[in-house]
Every structure is written in structure tokens, then in C-alpha cells.
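*Asks:* As input, take data_13.cif (mmCIF, N, CA and C atoms):
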data_data
#
loop_
_atom_site.label_atom_id
_atom_site.label_comp_id
_atom_site.auth_asym_id
_atom_site.auth_seq_id
_atom_site.Cartn_x
_atom_site.Cartn_y
_atom_site.Cartn_z
N MET A 1 0.86 -1.18 0.00
CA MET A 1 0.00 0.00 0.00
C MET A 1 0.90 1.24 0.00
N GLN A 2 0.58 2.15 -0.85
CA GLN A 2 1.39 3.35 -0.94
C GLN A 2 0.94 4.37 0.10
N LEU A 3 1.80 5.34 0.29
CA LEU A 3 1.53 6.37 1.28
C LEU A 3 0.27 7.16 0.93
N THR A 4 0.08 7.48 -0.34
CA THR A 4 -1.11 8.25 -0.73
C THR A 4 -2.38 7.44 -0.49
N ASP A 5 -2.32 6.13 -0.70
CA ASP A 5 -3.50 5.29 -0.43
C ASP A 5 -3.82 5.27 1.07
N ARG A 6 -2.78 5.21 1.86
CA ARG A 6 -2.97 5.20 3.31
C ARG A 6 -3.57 6.52 3.79
N VAL A 7 -3.04 7.60 3.27
CA VAL A 7 -3.54 8.93 3.66
C VAL A 7 -4.99 9.09 3.21
N THR A 8 -5.28 8.67 2.00
CA THR A 8 -6.65 8.77 1.48
C THR A 8 -7.59 7.90 2.31
N SER A 9 -7.16 6.70 2.62
CA SER A 9 -7.98 5.80 3.43
C SER A 9 -8.23 6.39 4.81
N THR A 10 -7.21 6.94 5.43
CA THR A 10 -7.34 7.56 6.75
C THR A 10 -8.27 8.77 6.67
N TRP A 11 -8.14 9.53 5.59
CA TRP A 11 -8.97 10.72 5.42
C TRP A 11 -10.43 10.33 5.26
N VAL A 12 -10.70 9.28 4.48
CA VAL A 12 -12.07 8.81 4.29
C VAL A 12 -12.63 8.28 5.61
N ASP A 13 -11.83 7.53 6.35
CA ASP A 13 -12.27 7.03 7.65
C ASP A 13 -12.56 8.18 8.60
N SER A 14 -11.71 9.20 8.58
CA SER A 14 -11.91 10.37 9.45
C SER A 14 -13.20 11.08 9.08
N ASP A 15 -13.44 11.24 7.78
CA ASP A 15 -14.69 11.89 7.36
C ASP A 15 -15.90 11.08 7.81
N ARG A 16 -15.83 9.76 7.69
CA ARG A 16 -16.92 8.90 8.12
C ARG A 16 -17.13 9.02 9.62
N ASP A 17 -16.03 9.06 10.38
CA ASP A 17 -16.14 9.21 11.84
C ASP A 17 -16.75 10.56 12.21
N VAL A 18 -16.33 11.60 11.50
CA VAL A 18 -16.87 12.94 11.77
C VAL A 18 -18.36 12.96 11.46
N TRP A 19 -18.74 12.36 10.35
CA TRP A 19 -20.15 12.33 9.98
C TRP A 19 -20.96 11.56 11.03
N THR A 20 -20.42 10.42 11.48
CA THR A 20 -21.09 9.62 12.51
C THR A 20 -21.23 10.43 13.80
N LEU A 21 -20.18 11.11 14.19
CA LEU A 21 -20.25 11.93 15.42
C LEU A 21 -21.24 13.07 15.27
N GLN A 22 -21.27 13.70 14.09
CA GLN A 22 -22.23 14.78 13.87
C GLN A 22 -23.67 14.26 13.96
N ARG A 23 -23.89 13.07 13.40
CA ARG A 23 -25.22 12.47 13.46
C ARG A 23 -25.59 12.15 14.92
N ARG A 24 -24.65 11.63 15.68
CA ARG A 24 -24.92 11.33 17.09
C ARG A 24 -25.21 12.59 17.88
N VAL A 25 -24.42 13.64 17.62
CA VAL A 25 -24.65 14.91 18.31
C VAL A 25 -26.03 15.44 17.95
N SER A 26 -26.41 15.35 16.69
CA SER A 26 -27.73 15.81 16.27
C SER A 26 -28.82 15.01 16.97
N ASP A 27 -28.65 13.68 17.06
CA ASP A 27 -29.63 12.85 17.76
C ASP A 27 -29.73 13.23 19.23
N LEU A 28 -28.58 13.46 19.86
CA LEU A 28 -28.59 13.85 21.27
C LEU A 28 -29.22 15.21 21.48
N GLU A 29 -29.00 16.13 20.55
CA GLU A 29 -29.63 17.45 20.66
C GLU A 29 -31.14 17.33 20.57
N MET A 30 -31.61 16.46 19.67
CA MET A 30 -33.06 16.26 19.55
C MET A 30 -33.63 15.64 20.83
N LYS A 31 -32.91 14.68 21.42
CA LYS A 31 -33.37 14.09 22.68
C LYS A 31 -33.40 15.13 23.78
N LEU A 32 -32.35 15.95 23.85
CA LEU A 32 -32.29 16.99 24.87
C LEU A 32 -33.43 17.98 24.71
N ASP A 33 -33.72 18.38 23.46
CA ASP A 33 -34.85 19.27 23.22
C ASP A 33 -36.15 18.64 23.70
N GLY A 34 -36.30 17.33 23.46
CA GLY A 34 -37.51 16.62 23.92
C GLY A 34 -37.60 16.62 25.43
N TYR A 35 -36.48 16.34 26.10
CA TYR A 35 -36.48 16.33 27.56
C TYR A 35 -36.77 17.72 28.12
N LEU A 36 -36.17 18.74 27.52
CA LEU A 36 -36.41 20.11 28.00
C LEU A 36 -37.86 20.50 27.80
N HIS A 37 -38.44 20.11 26.66
CA HIS A 37 -39.84 20.42 26.41
C HIS A 37 -40.73 19.71 27.43
N ALA A 38 -40.42 18.45 27.70
CA ALA A 38 -41.21 17.69 28.68
C ALA A 38 -41.09 18.32 30.06
N GLU A 39 -39.88 18.75 30.43
CA GLU A 39 -39.69 19.39 31.74
C GLU A 39 -40.45 20.71 31.82
N GLU A 40 -40.42 21.47 30.74
CA GLU A 40 -41.14 22.75 30.71
C GLU A 40 -42.65 22.51 30.83
N MET A 41 -43.15 21.50 30.13
CA MET A 41 -44.57 21.20 30.21
C MET A 41 -44.95 20.74 31.62
N ARG A 42 -44.07 19.96 32.26
CA ARG A 42 -44.33 19.52 33.63
C ARG A 42 -44.41 20.72 34.57
N ARG A 43 -43.49 21.68 34.38
CA ARG A 43 -43.51 22.88 35.22
C ARG A 43 -44.77 23.70 34.99
N LEU A 44 -45.19 23.80 33.73
CA LEU A 44 -46.42 24.55 33.44
C LEU A 44 -47.64 23.88 34.04
N ARG A 45 -47.70 22.54 33.98
CA ARG A 45 -48.83 21.83 34.60
C ARG A 45 -48.83 22.05 36.11
N GLU A 46 -47.65 22.01 36.72
CA GLU A 46 -47.55 22.23 38.17
C GLU A 46 -47.98 23.66 38.53
N ARG A 47 -47.56 24.62 37.72
CA ARG A 47 -47.95 26.02 37.97
C ARG A 47 -49.46 26.18 37.83
N ARG A 48 -50.05 25.55 36.80
CA ARG A 48 -51.50 25.64 36.60
C ARG A 48 -52.24 24.99 37.77
N ARG A 49 -51.72 23.84 38.25
CA ARG A 49 -52.36 23.15 39.37
C ARG A 49 -52.34 24.03 40.62
N ARG A 50 -51.19 24.69 40.86
CA ARG A 50 -51.11 25.58 42.03
C ARG A 50 -52.05 26.77 41.89
N ALA A 51 -52.14 27.32 40.69
CA ALA A 51 -53.03 28.46 40.47
C ALA A 51 -54.49 28.05 40.69
N GLU A 52 -54.86 26.86 40.22
CA GLU A 52 -56.23 26.39 40.44
C GLU A 52 -56.51 26.16 41.92
N ALA A 53 -55.53 25.62 42.63
CA ALA A 53 -55.70 25.39 44.07
C ALA A 53 -55.88 26.71 44.80
N THR A 54 -55.07 27.70 44.45
CA THR A 54 -55.18 29.03 45.07
C THR A 54 -56.53 29.66 44.75
N SER A 55 -56.95 29.53 43.50
CA SER A 55 -58.24 30.08 43.10
C SER A 55 -59.38 29.42 43.87
N ASN A 56 -59.32 28.10 43.99
CA ASN A 56 -60.36 27.38 44.74
C ASN A 56 -60.37 27.80 46.21
N LEU A 57 -59.19 27.99 46.79
CA LEU A 57 -59.11 28.41 48.18
C LEU A 57 -59.72 29.80 48.36
N LEU A 58 -59.39 30.72 47.48
CA LEU A 58 -59.95 32.08 47.57
C LEU A 58 -61.46 32.07 47.38
N LEU A 59 -61.93 31.25 46.45
CA LEU A 59 -63.37 31.14 46.25
C LEU A 59 -64.05 30.60 47.50
N GLY A 60 -63.44 29.60 48.13
CA GLY A 60 -64.00 29.05 49.36
C GLY A 60 -64.04 30.08 50.47
N VAL A 61 -62.99 30.88 50.59
CA VAL A 61 -62.96 31.93 51.62
C VAL A 61 -64.06 32.96 51.35
N MET A 62 -64.22 33.35 50.07
CA MET A 62 -65.25 34.34 49.75
C MET A 62 -66.65 33.81 50.06
N VAL A 63 -66.91 32.56 49.71
CA VAL A 63 -68.22 31.96 50.00
C VAL A 63 -68.44 31.88 51.51
N GLY A 64 -67.39 31.48 52.24
CA GLY A 64 -67.51 31.39 53.69
C GLY A 64 -67.81 32.74 54.32
N VAL A 65 -67.15 33.78 53.87
CA VAL A 65 -67.39 35.13 54.40
C VAL A 65 -68.81 35.57 54.08
N ASN A 66 -69.29 35.29 52.87
CA ASN A 66 -70.66 35.66 52.51
C ASN A 66 -71.68 34.92 53.36
N VAL A 67 -71.44 33.64 53.61
CA VAL A 67 -72.37 32.86 54.44
C VAL A 67 -72.39 33.42 55.86
N LEU A 68 -71.22 33.70 56.43
CA LEU A 68 -71.16 34.26 57.78
C LEU A 68 -71.83 35.63 57.85
N PHE A 69 -71.59 36.45 56.84
CA PHE A 69 -72.23 37.78 56.83
C PHE A 69 -73.74 37.64 56.73
N GLY A 70 -74.20 36.73 55.85
CA GLY A 70 -75.65 36.51 55.71
C GLY A 70 -76.25 36.00 57.01
N ALA A 71 -75.55 35.08 57.68
CA ALA A 71 -76.06 34.56 58.96
C ALA A 71 -76.11 35.67 59.99
N ALA A 72 -75.10 36.54 60.02
CA ALA A 72 -75.10 37.65 60.98
C ALA A 72 -76.27 38.59 60.72
N VAL A 73 -76.55 38.86 59.46
CA VAL A 73 -77.68 39.74 59.12
C VAL A 73 -79.00 39.11 59.58
N TRP A 74 -79.19 37.81 59.30
CA TRP A 74 -80.43 37.14 59.72
C TRP A 74 -80.56 37.09 61.23
N ILE A 75 -79.47 36.87 61.92
CA ILE A 75 -79.53 36.86 63.39
C ILE A 75 -79.92 38.25 63.91
N ALA A 76 -79.34 39.29 63.31
CA ALA A 76 -79.68 40.66 63.72
C ALA A 76 -81.14 40.96 63.46
N ILE A 77 -81.65 40.51 62.31
CA ILE A 77 -83.06 40.74 61.98
C ILE A 77 -83.96 40.00 62.98
N LEU A 78 -83.62 38.75 63.28
CA LEU A 78 -84.44 37.96 64.21
C LEU A 78 -84.39 38.53 65.63
N LEU A 79 -83.23 39.01 66.06
CA LEU A 79 -83.12 39.60 67.39
C LEU A 79 -83.89 40.92 67.47
N LYS A 80 -83.86 41.67 66.39
CA LYS A 80 -84.58 42.95 66.38
C LYS A 80 -86.10 42.70 66.40
N ALA A 81 -86.54 41.65 65.72
CA ALA A 81 -87.97 41.34 65.65
C ALA A 81 -88.47 40.76 66.98
N ALA A 82 -87.58 40.17 67.73
CA ALA A 82 -88.03 39.52 68.97
C ALA A 82 -88.18 40.47 70.11
#
Rewrite the structure from the file as C-alpha cells, please.

*Replies:*
Amino acid sequence: MQLTDRVTSTWVDSDRDVWTLQRRVSDLEMKLDGYLHAEEMRRLRERRRRAEATSNLLLGVMVGVNVLFGAAVWIAILLKAA
């Protein structure tokens, strides 16, 4: 085998290795993008769940205050009538 054949063969192998590595890097980047998207969606779902819980809690407090105020008004009316 001549020197030029060896160099050419090594060069072709190097190009093939570089192409393989580039393809692997591209595949890993796509996987990473998928993982990041999944993590972002998980965070958004968690944030939405917390917001709904807070909203439900505030709604419950508002209803409770209205019920207590209504009961106080009825008690005052009944005491005044008696």
C-alpha cells in the first residue's frame, strides 16, 4: 500500500467518523430538546395546578365570608324582631 493510499484511506475514515459523530450529536440534541420540552410542560402543569388550588381556596374563603355575613344579618333581623 502506498503512502497516498494510506492517507486517502485515513482521510475517508476520518470523514466517516466525523459524519457519525455529527449524526450522534444531532440525535442527542433532539433528545435533549424533547427532555427540555417535557420538563417545561411539567412545570407549566404544576404552575397551573397551584393556580387552580389558590383560586379554589380564595373562592372558598369568599363563599364562607358571605355565608357568615348573611347569617349575621339574619340573626340581627331575628333579634330585632323579637

*Asks:* Figure out the distance between atom N of Ser55 in chain A and atom C of Leu68 in chain A, please, to one decimal in Å.

*Replies:* 21.6 Å

*Asks:* Which value, in Å to one decimal, gives the distance between CA of Arg42 in chain A and CA of Glu29 in chain A?

*Replies:*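 It comes out at 19.7 Å.
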
*Asks:* Box for range 31-40 of chain A: with edges along x, y and z, all listed atoms inside and 8 Å added on each side, what are the centre and edge lengths in Å to one decimal, as JSON?

*Replies:*
{"center_x": -37.5, "center_y": 18.4, "center_z": 26.6, "size_x": 26.4, "size_y": 24.7, "size_z": 26.4}

*Asks:* Separation of atom C of Lys80 in chain A and CA of Asn66 in chain A, in Å?

*Replies:*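 Between these atoms lies a distance of 21.9 Å.
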